Every structure is written in C-alpha cells, then in structure tokens.
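Undergrad: Here you go, this is query.tsv (TSV, C-alpha atoms).
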chain	number	residue	atom	x	y	z
Y	1	MET	CA	-30.67	-61.69	28.07
Y	2	GLU	CA	-27.76	-64.06	27.57
Y	3	ALA	CA	-26.53	-67.61	28.07
Y	4	SER	CA	-23.02	-68.99	28.43
Y	5	LEU	CA	-22.53	-71.75	25.88
Y	6	GLY	CA	-19.27	-73.14	27.22
Y	7	GLU	CA	-17.82	-73.52	23.72
Y	8	ILE	CA	-17.43	-71.42	20.57
Y	9	PRO	CA	-20.72	-71.22	18.61
Y	10	PHE	CA	-20.87	-71.37	14.82
Y	11	GLY	CA	-24.59	-71.39	13.95
Y	12	LEU	CA	-27.71	-69.54	15.14
Y	13	ASP	CA	-31.39	-69.69	14.18
Y	14	PHE	CA	-34.79	-68.76	15.67
Y	15	HIS	CA	-37.97	-70.84	15.48
Y	16	PRO	CA	-40.39	-69.44	12.85
Y	17	SER	CA	-43.30	-69.04	15.31
Y	18	LYS	CA	-42.25	-69.94	18.88
Y	19	GLU	CA	-39.91	-68.43	21.48
Y	20	LEU	CA	-37.12	-70.88	20.71
Y	21	VAL	CA	-33.55	-70.30	19.55
Y	22	ALA	CA	-30.98	-72.89	18.45
Y	23	VAL	CA	-27.18	-72.71	18.53
Y	24	SER	CA	-24.61	-75.10	17.03
Y	25	LEU	CA	-21.16	-75.45	18.58
Y	26	ILE	CA	-17.59	-76.24	17.63
Y	27	THR	CA	-17.83	-79.45	19.68
Y	28	GLY	CA	-20.56	-80.85	17.39
Y	29	ASP	CA	-23.24	-80.14	20.00
Y	30	LEU	CA	-26.65	-78.59	19.36
Y	31	HIS	CA	-28.35	-76.45	22.01
Y	32	LEU	CA	-31.99	-75.38	22.03
Y	33	TYR	CA	-33.16	-72.56	24.31
Y	34	LYS	CA	-36.54	-71.19	25.26
Y	35	TYR	CA	-36.62	-67.46	25.88
Y	36	SER	CA	-39.22	-65.49	27.77
Y	37	THR	CA	-40.47	-62.03	26.91
Y	38	ASP	CA	-41.62	-61.50	30.50
Y	39	ASP	CA	-38.65	-62.23	32.75
Y	40	SER	CA	-35.77	-61.96	30.25
Y	41	SER	CA	-34.59	-65.50	30.88
Y	42	LEU	CA	-33.08	-68.24	28.71
Y	43	GLN	CA	-33.84	-71.86	29.54
Y	44	ARG	CA	-31.91	-74.65	27.83
Y	45	LEU	CA	-34.29	-77.34	26.61
Y	46	LEU	CA	-31.98	-79.58	24.59
Y	47	ASP	CA	-28.29	-80.43	24.58
Y	48	VAL	CA	-27.65	-82.93	21.78
Y	49	HIS	CA	-24.30	-84.24	20.61
Y	50	ALA	CA	-25.29	-84.03	16.98
Y	51	HIS	CA	-21.98	-84.54	15.15
Y	52	THR	CA	-18.55	-86.06	15.69
Y	53	GLU	CA	-16.88	-82.84	14.50
Y	54	SER	CA	-17.78	-79.14	14.62
Y	55	CYS	CA	-21.42	-78.27	13.96
Y	56	ARG	CA	-21.08	-75.27	11.69
Y	57	THR	CA	-24.65	-74.37	10.80
Y	58	VAL	CA	-28.22	-74.87	12.05
Y	59	ARG	CA	-31.70	-74.15	10.64
Y	60	PHE	CA	-35.26	-74.84	11.79
Y	61	ILE	CA	-36.98	-76.84	9.04
Y	62	ASN	CA	-40.40	-78.32	8.26
Y	63	GLY	CA	-42.25	-75.41	9.81
Y	64	GLY	CA	-40.15	-75.54	12.97
Y	65	GLN	CA	-40.78	-79.22	13.75
Y	66	ALA	CA	-37.14	-80.16	13.27
Y	67	LEU	CA	-33.63	-78.74	13.33
Y	68	ALA	CA	-31.20	-79.37	10.47
Y	69	THR	CA	-27.48	-79.14	11.20
Y	70	GLY	CA	-24.45	-79.36	8.93
Y	71	SER	CA	-21.00	-80.38	10.09
Y	72	LYS	CA	-17.33	-80.63	9.35
Y	73	ASP	CA	-17.92	-84.40	9.39
Y	74	CYS	CA	-19.77	-83.95	6.04
Y	75	SER	CA	-23.13	-85.08	7.46
Y	76	ILE	CA	-26.54	-83.40	7.76
Y	77	LEU	CA	-28.69	-84.29	10.76
Y	78	ALA	CA	-32.41	-83.67	11.34
Y	79	THR	CA	-33.34	-83.50	15.03
Y	80	ASP	CA	-36.85	-83.47	16.51
Y	81	VAL	CA	-37.46	-80.15	18.30
Y	82	GLU	CA	-39.75	-81.63	20.92
Y	83	THR	CA	-37.79	-84.73	21.92
Y	84	GLY	CA	-34.25	-84.18	20.68
Y	85	SER	CA	-34.34	-87.55	18.94
Y	86	VAL	CA	-32.78	-88.17	15.54
Y	87	ILE	CA	-35.24	-88.00	12.66
Y	88	ALA	CA	-32.71	-88.65	9.90
Y	89	ARG	CA	-28.97	-88.54	9.37
Y	90	LEU	CA	-27.38	-88.16	5.96
Y	91	GLU	CA	-23.84	-89.47	6.29
Y	92	ASN	CA	-21.49	-88.12	3.63
Y	93	ALA	CA	-24.13	-85.68	2.44
Y	94	HIS	CA	-21.20	-83.79	0.91
Y	95	GLU	CA	-17.71	-84.89	-0.01
Y	96	ASN	CA	-16.34	-81.98	2.01
Y	97	ALA	CA	-17.15	-80.20	5.27
Y	98	ILE	CA	-20.55	-78.46	5.27
Y	99	ASN	CA	-20.37	-74.77	6.09
Y	100	SER	CA	-23.79	-73.29	5.29
Y	101	LEU	CA	-27.51	-74.14	5.24
Y	102	ILE	CA	-30.48	-72.08	4.07
Y	103	ASN	CA	-34.24	-72.66	3.90
Y	104	LEU	CA	-35.71	-72.36	0.41
Y	105	THR	CA	-39.29	-73.49	0.97
Y	106	GLU	CA	-41.02	-75.18	3.89
Y	107	SER	CA	-39.70	-78.54	2.69
Y	108	THR	CA	-36.49	-77.70	0.82
Y	109	VAL	CA	-33.08	-76.48	1.95
Y	110	ALA	CA	-29.73	-75.82	0.29
Y	111	SER	CA	-26.35	-76.73	1.74
Y	112	GLY	CA	-22.89	-75.45	0.80
Y	113	ASP	CA	-19.51	-77.01	1.55
Y	114	ASP	CA	-15.83	-76.12	1.86
Y	115	GLU	CA	-15.07	-76.73	-1.82
Y	116	GLY	CA	-17.92	-74.62	-3.26
Y	117	CYS	CA	-20.42	-77.41	-3.90
Y	118	ILE	CA	-24.12	-76.66	-3.34
Y	119	LYS	CA	-26.83	-79.27	-2.93
Y	120	VAL	CA	-30.61	-78.85	-2.71
Y	121	TRP	CA	-32.54	-81.24	-0.45
Y	122	ASP	CA	-36.12	-82.33	0.08
Y	123	THR	CA	-36.26	-82.38	3.89
Y	124	ARG	CA	-39.34	-84.59	4.08
Y	125	GLN	CA	-38.07	-87.26	1.69
Y	126	CYS	CA	-34.43	-86.85	2.82
Y	127	SER	CA	-33.40	-86.84	-0.83
Y	128	CYS	CA	-31.11	-84.66	-2.93
Y	129	LEU	CA	-32.84	-82.80	-5.73
Y	130	GLY	CA	-29.82	-81.19	-7.35
Y	131	SER	CA	-26.11	-80.58	-7.03
Y	132	PHE	CA	-23.65	-78.19	-8.67
Y	133	THR	CA	-20.35	-76.41	-8.03
Y	134	ALA	CA	-20.69	-72.65	-7.57
Y	135	HIS	CA	-17.28	-71.66	-6.17
Y	136	GLU	CA	-13.64	-72.68	-5.87
Y	137	ASP	CA	-13.52	-72.32	-2.08
Y	138	TYR	CA	-15.84	-72.60	0.93
Y	139	ILE	CA	-19.43	-71.31	0.76
Y	140	SER	CA	-19.56	-68.56	3.39
Y	141	ASP	CA	-23.21	-67.46	3.06
Y	142	MET	CA	-26.35	-67.90	0.96
Y	143	ASN	CA	-29.44	-65.78	0.29
Y	144	PHE	CA	-32.53	-66.94	-1.62
Y	145	ALA	CA	-34.48	-64.58	-3.91
Y	146	SER	CA	-37.72	-66.53	-4.20
Y	147	ASP	CA	-39.36	-64.27	-6.79
Y	148	SER	CA	-36.65	-64.97	-9.35
Y	149	MET	CA	-35.67	-68.45	-8.12
Y	150	LYS	CA	-32.07	-67.33	-7.68
Y	151	LEU	CA	-29.70	-68.43	-4.92
Y	152	LEU	CA	-27.00	-65.86	-4.18
Y	153	THR	CA	-23.84	-67.27	-2.65
Y	154	THR	CA	-20.57	-65.81	-1.35
Y	155	SER	CA	-17.31	-67.63	-0.93
Y	156	GLY	CA	-13.79	-67.63	0.36
Y	157	ASP	CA	-12.68	-67.45	-3.27
Y	158	GLY	CA	-13.73	-63.79	-3.27
Y	159	THR	CA	-16.72	-64.05	-5.60
Y	160	LEU	CA	-20.49	-63.65	-5.55
Y	161	SER	CA	-22.43	-66.23	-7.57
Y	162	VAL	CA	-26.02	-66.10	-8.80
Y	163	CYS	CA	-27.39	-69.63	-9.16
Y	164	ASN	CA	-30.51	-70.66	-11.07
Y	165	LEU	CA	-32.36	-73.26	-9.00
Y	166	ARG	CA	-34.53	-74.30	-11.93
Y	167	THR	CA	-31.49	-75.57	-13.81
Y	168	TYR	CA	-29.04	-76.09	-10.90
Y	169	LYS	CA	-26.42	-74.01	-12.65
Y	170	VAL	CA	-24.45	-70.86	-11.92
Y	171	GLN	CA	-26.03	-68.15	-14.05
Y	172	THR	CA	-23.40	-65.49	-13.41
Y	173	ARG	CA	-20.42	-64.87	-11.17
Y	174	SER	CA	-18.69	-61.69	-10.13
Y	175	GLU	CA	-15.05	-60.91	-10.78
Y	176	PHE	CA	-12.73	-61.99	-8.00
Y	177	SER	CA	-12.48	-59.41	-5.24
Y	178	GLU	CA	-9.32	-58.74	-3.29
Y	179	ASP	CA	-10.38	-60.72	-0.24
Y	180	GLU	CA	-12.83	-63.32	0.97
Y	181	LEU	CA	-16.55	-62.55	0.86
Y	182	THR	CA	-18.24	-63.53	4.12
Y	183	SER	CA	-21.95	-62.67	3.89
Y	184	VAL	CA	-24.72	-61.52	1.55
Y	185	VAL	CA	-28.11	-59.77	1.77
Y	186	VAL	CA	-30.55	-58.35	-0.80
Y	187	MET	CA	-31.86	-54.80	-0.23
Y	188	LYS	CA	-33.56	-51.84	-1.91
Y	189	ASN	CA	-36.53	-53.97	-2.97
Y	190	GLY	CA	-34.32	-56.40	-4.81
Y	191	ARG	CA	-32.25	-53.80	-6.64
Y	192	LYS	CA	-29.09	-54.08	-4.55
Y	193	VAL	CA	-27.00	-56.98	-3.27
Y	194	ILE	CA	-24.67	-56.25	-0.35
Y	195	CYS	CA	-21.67	-58.45	0.47
Y	196	GLY	CA	-19.50	-58.35	3.57
Y	197	SER	CA	-15.79	-59.04	3.27
Y	198	GLN	CA	-12.80	-60.08	5.30
Y	199	SER	CA	-11.29	-56.59	4.99
Y	200	GLY	CA	-14.43	-54.99	6.42
Y	201	THR	CA	-15.45	-53.39	3.12
Y	202	LEU	CA	-19.09	-53.74	2.07
Y	203	LEU	CA	-19.45	-54.39	-1.67
Y	204	LEU	CA	-22.66	-53.16	-3.32
Y	205	TYR	CA	-23.85	-54.83	-6.53
Y	206	SER	CA	-26.76	-53.76	-8.74
Y	207	TRP	CA	-29.13	-56.60	-9.58
Y	208	GLY	CA	-28.40	-57.82	-13.09
Y	209	PHE	CA	-24.90	-56.33	-13.12
Y	210	PHE	CA	-22.92	-58.72	-10.99
Y	211	LYS	CA	-19.55	-58.72	-12.74
Y	212	ASP	CA	-18.23	-55.85	-10.65
Y	213	CYS	CA	-19.56	-53.96	-7.64
Y	214	SER	CA	-21.14	-50.56	-8.20
Y	215	ASP	CA	-20.05	-49.11	-4.85
Y	216	ARG	CA	-17.84	-49.83	-1.85
Y	217	PHE	CA	-18.35	-48.82	1.77
Y	218	VAL	CA	-15.10	-48.89	3.73
Y	219	ASP	CA	-16.01	-47.31	7.09
Y	220	LEU	CA	-16.13	-50.70	8.87
Y	221	SER	CA	-12.55	-51.55	7.82
Y	222	PRO	CA	-10.17	-53.03	8.80
Y	223	ASN	CA	-12.35	-55.37	10.89
Y	224	SER	CA	-13.79	-58.30	8.97
Y	225	VAL	CA	-17.58	-58.22	8.59
Y	226	GLU	CA	-18.53	-61.74	9.65
Y	227	ALA	CA	-22.33	-61.41	9.48
Y	228	LEU	CA	-24.96	-59.26	7.76
Y	229	LEU	CA	-28.64	-59.06	8.71
Y	230	LYS	CA	-31.16	-56.98	6.77
Y	231	LEU	CA	-33.29	-54.77	9.02
Y	232	ASP	CA	-35.30	-53.08	6.26
Y	233	GLU	CA	-34.75	-51.91	2.69
Y	234	ASP	CA	-32.45	-49.07	3.79
Y	235	ARG	CA	-30.65	-50.46	6.84
Y	236	LEU	CA	-28.71	-53.56	7.79
Y	237	ILE	CA	-26.96	-54.84	10.89
Y	238	THR	CA	-23.33	-55.91	10.77
Y	239	GLY	CA	-21.36	-58.19	13.07
Y	240	SER	CA	-17.60	-57.64	13.00
Y	241	GLU	CA	-14.50	-59.46	14.21
Y	242	ASN	CA	-13.86	-56.73	16.82
Y	243	GLY	CA	-17.09	-57.69	18.60
Y	244	LEU	CA	-19.11	-54.67	17.49
Y	245	ILE	CA	-22.65	-54.97	16.15
Y	246	SER	CA	-23.53	-51.89	14.13
Y	247	LEU	CA	-26.52	-50.37	12.38
Y	248	VAL	CA	-25.53	-49.30	8.86
Y	249	GLY	CA	-27.46	-47.28	6.28
Y	250	ILE	CA	-27.27	-48.22	2.61
Y	251	LEU	CA	-27.50	-45.54	-0.12
Y	252	PRO	CA	-26.65	-43.23	1.45
Y	253	ASN	CA	-23.91	-45.37	2.99
Y	254	ARG	CA	-23.12	-44.59	6.61
Y	255	ILE	CA	-22.60	-46.13	10.02
Y	256	ILE	CA	-25.67	-44.96	11.91
Y	257	GLN	CA	-24.44	-46.21	15.26
Y	258	PRO	CA	-23.02	-49.21	17.13
Y	259	ILE	CA	-25.95	-50.98	18.80
Y	260	ALA	CA	-24.42	-53.92	20.71
Y	261	GLU	CA	-21.15	-55.70	21.40
Y	262	HIS	CA	-19.39	-58.91	22.44
Y	263	SER	CA	-16.34	-57.29	24.05
Y	264	ASP	CA	-13.46	-57.80	21.60
Y	265	TYR	CA	-14.51	-61.24	20.38
Y	266	PRO	CA	-15.56	-61.88	16.76
Y	267	VAL	CA	-19.32	-61.96	16.10
Y	268	GLU	CA	-20.08	-65.29	14.42
Y	269	GLY	CA	-23.80	-64.94	13.65
Y	270	LEU	CA	-26.88	-62.70	13.77
Y	271	ALA	CA	-30.60	-63.51	13.52
Y	272	PHE	CA	-34.04	-62.07	14.31
Y	273	SER	CA	-36.69	-63.73	16.46
Y	274	HIS	CA	-39.90	-64.66	14.68
Y	275	ASP	CA	-41.66	-61.46	15.80
Y	276	ARG	CA	-38.51	-59.36	15.27
Y	277	ARG	CA	-38.62	-58.26	18.89
Y	278	PHE	CA	-35.15	-59.67	19.59
Y	279	LEU	CA	-31.85	-59.61	17.78
Y	280	GLY	CA	-29.80	-62.71	18.52
Y	281	SER	CA	-26.02	-62.77	18.33
Y	282	ILE	CA	-23.31	-65.36	18.96
Y	283	SER	CA	-19.60	-64.78	19.33
Y	284	HIS	CA	-16.25	-66.36	20.12
Y	285	ASP	CA	-16.76	-65.17	23.70
Y	286	GLN	CA	-18.94	-68.33	23.90
Y	287	MET	CA	-22.06	-66.28	24.60
Y	288	LEU	CA	-25.56	-66.25	23.13
Y	289	LYS	CA	-27.07	-62.80	23.56
Y	290	LEU	CA	-30.61	-61.61	22.83
Y	291	TRP	CA	-31.03	-57.86	22.44
Y	292	ASP	CA	-34.36	-56.03	22.63
Y	293	LEU	CA	-34.64	-54.34	19.24
Y	294	ASN	CA	-36.98	-51.64	20.54
Y	295	ASP	CA	-34.36	-50.62	23.07
Y	296	ILE	CA	-31.30	-50.66	20.84
Y	297	LEU	CA	-32.96	-48.97	17.86
Y	298	GLN	CA	-34.99	-46.30	19.64
Y	299	ASP	CA	-32.33	-43.61	19.17
Y	300	SER	CA	-31.87	-44.29	15.49
Y	301	GLU	CA	-35.37	-45.19	14.26
Y	302	ASN	CA	-35.91	-41.91	12.44
Y	303	THR	CA	-32.31	-41.20	11.46
Y	304	ILE	CA	-32.53	-42.03	7.79
Y	305	LYS	CA	-36.28	-41.69	7.17
Y	306	GLY	CA	-36.93	-39.86	3.97
Y	307	GLN	CA	-33.58	-40.87	2.52
Y	308	GLY	CA	-34.77	-44.12	0.98
Y	309	ALA	CA	-35.89	-42.33	-2.17
Y	310	MET	CA	-32.38	-41.07	-2.90
Y	311	SER	CA	-31.38	-42.53	-6.22
Y	312	ASP	CA	-28.07	-44.07	-7.13
Y	313	SER	CA	-26.41	-43.75	-10.49
Y	314	ASP	CA	-26.66	-47.43	-11.45
Y	315	ASN	CA	-28.81	-48.88	-14.17
Y	316	ASP	CA	-31.12	-51.26	-12.30
Y	317	GLU	CA	-32.57	-53.25	-15.17
Y	318	MET	CA	-33.10	-56.91	-14.45
Y	319	ASP	CA	-30.82	-58.32	-17.18
Y	320	VAL	CA	-28.47	-60.98	-15.89
Y	321	ASP	CA	-25.12	-61.97	-17.37
Y	322	ASP	CA	-25.30	-65.22	-19.28
Y	323	ASN	CA	-22.00	-66.83	-18.36
Y	324	PRO	CA	-19.88	-67.02	-15.20
Y	325	SER	CA	-16.75	-64.87	-15.35
Y	326	GLN	CA	-13.37	-66.51	-15.75
Y	327	SER	CA	-11.01	-64.28	-13.79
Y	328	LYS	CA	-7.26	-64.83	-13.92
Y	329	LYS	CA	-7.07	-64.32	-10.16
Y	330	GLY	CA	-9.00	-67.48	-9.35
Y	331	ARG	CA	-7.08	-70.58	-8.32
Y	332	ILE	CA	-7.53	-73.94	-10.03
Y	333	VAL	CA	-10.72	-75.73	-9.07
Y	334	LYS	CA	-10.14	-78.97	-7.17
Y	335	ASN	CA	-12.45	-81.84	-8.12
Y	336	ALA	CA	-14.79	-79.49	-9.94
Y	337	ASN	CA	-17.14	-82.29	-10.91
Y	338	LYS	CA	-17.56	-83.81	-7.44
Y	339	GLY	CA	-20.58	-86.05	-7.00
Y	340	ALA	CA	-23.10	-87.33	-9.48
Y	341	ALA	CA	-25.75	-85.08	-10.93
Y	342	PHE	CA	-29.22	-85.41	-9.45
Y	343	SER	CA	-32.42	-85.18	-11.45
Y	344	SER	CA	-34.86	-82.39	-10.80
Y	345	SER	CA	-38.16	-82.95	-9.11
Y	346	SER	CA	-41.18	-81.67	-11.01
Y	347	LYS	CA	-42.80	-80.73	-7.72
Y	348	PHE	CA	-39.81	-78.77	-6.47
Y	349	PHE	CA	-40.75	-75.17	-5.74
Y	350	ALA	CA	-44.33	-75.85	-6.87
Y	351	ASP	CA	-45.55	-73.96	-3.83
Y	352	LEU	CA	-43.83	-70.73	-4.83
Will you turn the file into structure tokens for me?
TA:
Amino acid sequence: MEASLGEIPFGLDFHPSKELVAVSLITGDLHLYKYSTDDSSLQRLLDVHAHTESCRTVRFINGGQALATGSKDCSILATDVETGSVIARLENAHENAINSLINLTESTVASGDDEGCIKVWDTRQCSCLGSFTAHEDYISDMNFASDSMKLLTTSGDGTLSVCNLRTYKVQTRSEFSEDELTSVVVMKNGRKVICGSQSGTLLLYSWGFFKDCSDRFVDLSPNSVEALLKLDEDRLITGSENGLISLVGILPNRIIQPIAEHSDYPVEGLAFSHDRRFLGSISHDQMLKLWDLNDILQDSENTIKGQGAMSDSDNDEMDVDDNPSQSKKGRIVKNANKGAAFSSSSKFFADL
C-alpha cells in the first residue's frame, strides 16, 4: 500500500502498538496515517504544519500518545496523536538544525543536530537532562544499546562515536573514514556494529574495538546507503540512493536479494510496523510505501539459516577504548562547547 505525500519526506516512524504511521516533510508538515491490514489502505488522519522550516525527524513518544519532531528551525515539537494539538514546543532546543531523534526509554529521547551536539530530554517534564558534543558535523543516525547504556552515533564527519549516557561524554570514537557515515545498527547479539556510508560501503566494527572497522562490504557501492534497518541478528535491510531496498546478510556478507524499490529516487527512511508485518519506506519520489514483509521475504527466509554460527576472526571482548581518537583528517570543531552543561537526573534511566 502507498500514499502520495506531495512533498519530499525526511522522517518516518510507526506507532508502538497501533496501526499508525507518521511522516515528516521538507515543508515542516507532519502527516499521520492509519493503515489497514484488511483492505491495504492508508487513511490520512492528521496534517499539521509543525515547523517553519523542514521537519527532518519524527518519533512516537510517551507510549505512542504523542509525536516528537525535530526541525531545521532548531525546535522540537510534541504533538498530540489523537487531536493534533500542540502539547509542548521547545524553541531553540538546539543552537543548530536538528537532524535526528531517538527514543531511549518511554519518557526520554535524544536529539542530534547539524554541528554534532547531542541532547537528552525528559519528554514528560520537557526538560534537558544532559548535553555534549559527539561529532564535528551533522548527526546522521543514532542507535541505543540499553544494556550497556551506550548511544552509538554516526556523522557527516566520517566517524562513529560511542557515548556514555551515565556521564554524557563520548567514551570512544572511530578513526575518520573516507566518506560520510549515514546510518548505524547493532547486530550479532551486540558483537557487531554496522555503519552505512555515502560511498555505499558497509563498515563492520567489533564491539569494544571501535578505532577501526574490522571488515568492509562493498557490494552496494557506489550508491550511498541512506538507511539501515536490522531484520534479525544475521540480516539487515538497506535503503540506497538509487531507490533499491535490499536484504543483506552479515557475516557472511552478501546481498541476498533486492526486495523493494522507489524507482530511481533515493530512499530516505525505513521502519517496521509494531507487529513487524509491514516494512515502511519513504523516498524522494514523495511516496510512503508499506510492504508486506511476509510477501517480500518469502523467497529468502531460509537462505542464510545455519550460517549464523560462522565465526569471524575478531576478538569480541567487551573492552572499550578510554579516549576519543584525534585523527589528523578531522576538520576544526566549530563552537565545540555550545550550550551550557545540564545536570543529570538521578531518576534518569531508573526504569532500565
């Protein structure tokens, strides 16, 4: 099923328990759709002009009661899912355009901006719990490892950072890669971190050894990998700038098969519905598409079974480098100490 959005979409997220999907647009608008599993239809429920500039990212928060959006106008908005009314607006939430949002707990989110600053927010109190600079360029993607309280972030500066959310500091940072890193997922039961890149190469890092990647997968080159979505511990789904959505195996590394497409338009985002029945995708063709996972995976479901036990040659101990790397290839940080430091909340992450 699909819906024409009328403008280029930047953000995509599914409700955690209902048949709802949200999309944020370059115009600053926020759309909410209800999808049906019976008649394959998409019904638009909300059309909210959320921001004065492009709405780059969207996430359901507070158990799905609200939608949080981040914008080029530096604000974060919370919108009521039922009514579309404004719950809260944080003007100048960042000093620079907001590019990424991620849920940490039911009541906390992290936001990343165009100059590498990350902030952690209490969504119910609308307050900032911590702030730090993780990169020298825009935050392209974030992934939260709740068991270790680490936030993994990728950036246009070509690095992967591992951030400690107990101290609000960067614990370690990779060496600078040759091109921008666009996306990040954690696989192999926490032993491997996979990053997409602008050149189309997938960089594989072993947990605890983040200075340099342990493997590279180049078969998706030269098309930039704009989005990564973990399917299981051995497979992920990639969205590329040539419009292809592909199923890829990790260790052994291989393209299993293309599974969907958006013509020749770049894929901007991928997400699963709450029951993982549908794969959602958005693209510069201004379309929201929902793909039935059972249909598109039926030919490849058993392709790599039995291969998950194949070992790689990396040492997978859980030691983590103590200090961020200082590569000569990195450009000078602009306003590295932006914003005042925020004190930690003793209740933050108490539910983990």
Undergrad: Rounded to one decimal, what separation in Å do you get between CA of Leu229 (chain Y) and CA of Ile282 (chain Y)?
TA: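 Between CA of Leu229 (chain Y) and CA of Ile282 (chain Y) the gap is 13.2 Å.
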Undergrad: What does the structure give for the distance between CA of Ile61 (chain Y) and CA of Ser100 (chain Y), in Å to one decimal?
TA: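 It comes out at 14.2 Å.
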Undergrad: Which residues come within 7 Å of region 155-169 of chain Y, counting all atoms listed in the file, excluding same-chain residues fewer than 2 positions away, as a list of chain:residue names?
TA: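 Everything that qualifies: Y:Gly130, Y:Ser131, Y:Phe132, Y:Ala134, Y:His135, Y:Glu136, Y:Asp137, Y:Tyr138, Y:Ile139, Y:Ser140, Y:Met149, Y:Lys150, Y:Leu151, Y:Leu152, Y:Thr153, Y:Gln171, Y:Thr172, Y:Arg173, Y:Ser174, Y:Glu175, Y:Phe176, Y:Ser177, Y:Glu178, Y:Asp179, Y:Glu180, Y:Leu181, Y:Thr182.
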Undergrad: Enclose region 59-76 of chain Y, meaning all of its atoms listed in the file, in a box aligned along x, y and z, pad it by 8 Å on each side, and list the centre and edge lengths in Å to one decimal, as JSON.
TA:
{"center_x": -29.8, "center_y": -79.6, "center_z": 9.9, "size_x": 40.9, "size_y": 26.9, "size_z": 23.7}
Undergrad: Enumerate, in order of chain and increasing residue number, the residues of region 5-87 of chain Y with an atom no farther than 10 Å from region 106-122 of chain Y, each with its shortest atom pair and distance in Å to one decimal, counting all atoms listed in the file, as a Markdown table.
TA:
| residue | atom | partner | partner_atom | distance |
| --- | --- | --- | --- | --- |
| Y:Thr57 | CA | Y:Ser111 | CA | 9.5 |
| Y:Arg59 | CA | Y:Val109 | CA | 9.1 |
| Y:Phe60 | CA | Y:Glu106 | CA | 9.8 |
| Y:Ile61 | CA | Y:Glu106 | CA | 6.8 |
| Y:Asn62 | CA | Y:Glu106 | CA | 5.4 |
| Y:Gly63 | CA | Y:Glu106 | CA | 6.1 |
| Y:Gly64 | CA | Y:Glu106 | CA | 9.1 |
| Y:Ala68 | CA | Y:Val109 | CA | 9.2 |
| Y:Thr69 | CA | Y:Ser111 | CA | 9.8 |
| Y:Gly70 | CA | Y:Ser111 | CA | 7.9 |
| Y:Ser71 | CA | Y:Asp113 | CA | 9.3 |
| Y:Lys72 | CA | Y:Asp114 | CA | 8.9 |
| Y:Cys74 | CA | Y:Asp113 | CA | 8.3 |
| Y:Ile76 | CA | Y:Ser111 | CA | 9.0 |
Undergrad: With all atoms listed in the file as the counted atoms, please give the residues lying no more than 12 Å from Leu297 (chain Y), apart from itself and same-chain residues fewer than 6 positions off, as a list of chain:residue names.
TA: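 Returned residues: Y:Leu231, Y:Arg235, Y:Leu236, Y:Ile237, Y:Ser246, Y:Leu247, Y:Val248, Y:Ile256, Y:Gln257, Y:Pro258, Y:Ile259, Y:Ala260, Y:Arg277, Y:Phe278, Y:Leu279, Y:Trp291, Y:Thr303.
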Undergrad: CA of Ser75 (chain Y) and CA of His31 (chain Y), how far apart in Å?
TA: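 Distance reported for this atom pair: 17.7 Å.
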Undergrad: Quick one: residues within 9 Å of (-36.0, -57.2, -5.3) (file frame), counting only C-alpha atoms, please, as a ChimeraX atom specification.
TA: /Y:145,147-148,186-192,207
Undergrad: Which residues, written as a PDB file with C-alpha atoms, in the frame of the given file, have at least one atom at most 8 Å from Leu42 (chain Y), with all atoms listed in the file counted and residues fewer than 6 positions away on the same chain left out?
TA:
ATOM      1  CA  MET Y   1     -30.670 -61.690  28.070  1.00  0.00           C
ATOM      2  CA  GLU Y   2     -27.760 -64.060  27.570  1.00  0.00           C
ATOM      3  CA  ALA Y   3     -26.530 -67.610  28.070  1.00  0.00           C
ATOM      4  CA  TYR Y  33     -33.160 -72.560  24.310  1.00  0.00           C
ATOM      5  CA  LYS Y  34     -36.540 -71.190  25.260  1.00  0.00           C
ATOM      6  CA  TYR Y  35     -36.620 -67.460  25.880  1.00  0.00           C
ATOM      7  CA  SER Y  36     -39.220 -65.490  27.770  1.00  0.00           C
TER       8      SER Y  36
END
Undergrad: Counting all atoms listed in the file, which residue out of Y:Met287, Y:Val184, Y:Ile8, Y:Leu251 sits closest to Ser214 (chain Y)?
TA: Y:Leu251
Undergrad: Could you build a table of the residues in region 156-235 of chain Y lying no more than 9 Å from region 264-272 of chain Y, giving for each the nearest pair of atoms and their separation in Å rounded to one decimal place, using all atoms listed in the file, ordered by chain and ascending residue number, as a tab-separated table?
TA:
residue	atom	partner	partner_atom	distance
Y:Ser224	CA	Y:Pro266	CA	8.8
Y:Val225	CA	Y:Val267	CA	8.6
Y:Glu226	CA	Y:Glu268	CA	6.1
Y:Ala227	CA	Y:Gly269	CA	5.7
Y:Leu228	CA	Y:Leu270	CA	7.2
Y:Leu229	CA	Y:Leu270	CA	6.5
Undergrad: Rank Y:Ser17, Y:Ser24, Y:Asn253, Y:Asn223 by their smallest atom-to-atom distance to Leu5 (chain Y), using only C-alpha atoms, and report the top residue only.
TA: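 Closest residue, counting only C-alpha atoms: Y:Ser24.
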Undergrad: Just checking: using all atoms listed in the file, which residue out of Y:Ile296, Y:Ile26, Y:Leu104, Y:Val58 ends up closest to His284 (chain Y)?
TA: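 Under the stated criterion, the closest residue is Y:Ile26.
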Undergrad: Of the residues Y:Leu202, Y:Ile102, Y:Leu25, Y:Leu67, which is the one nearest to Ile87 (chain Y), using all atoms listed in the file?
TA: Y:Leu67
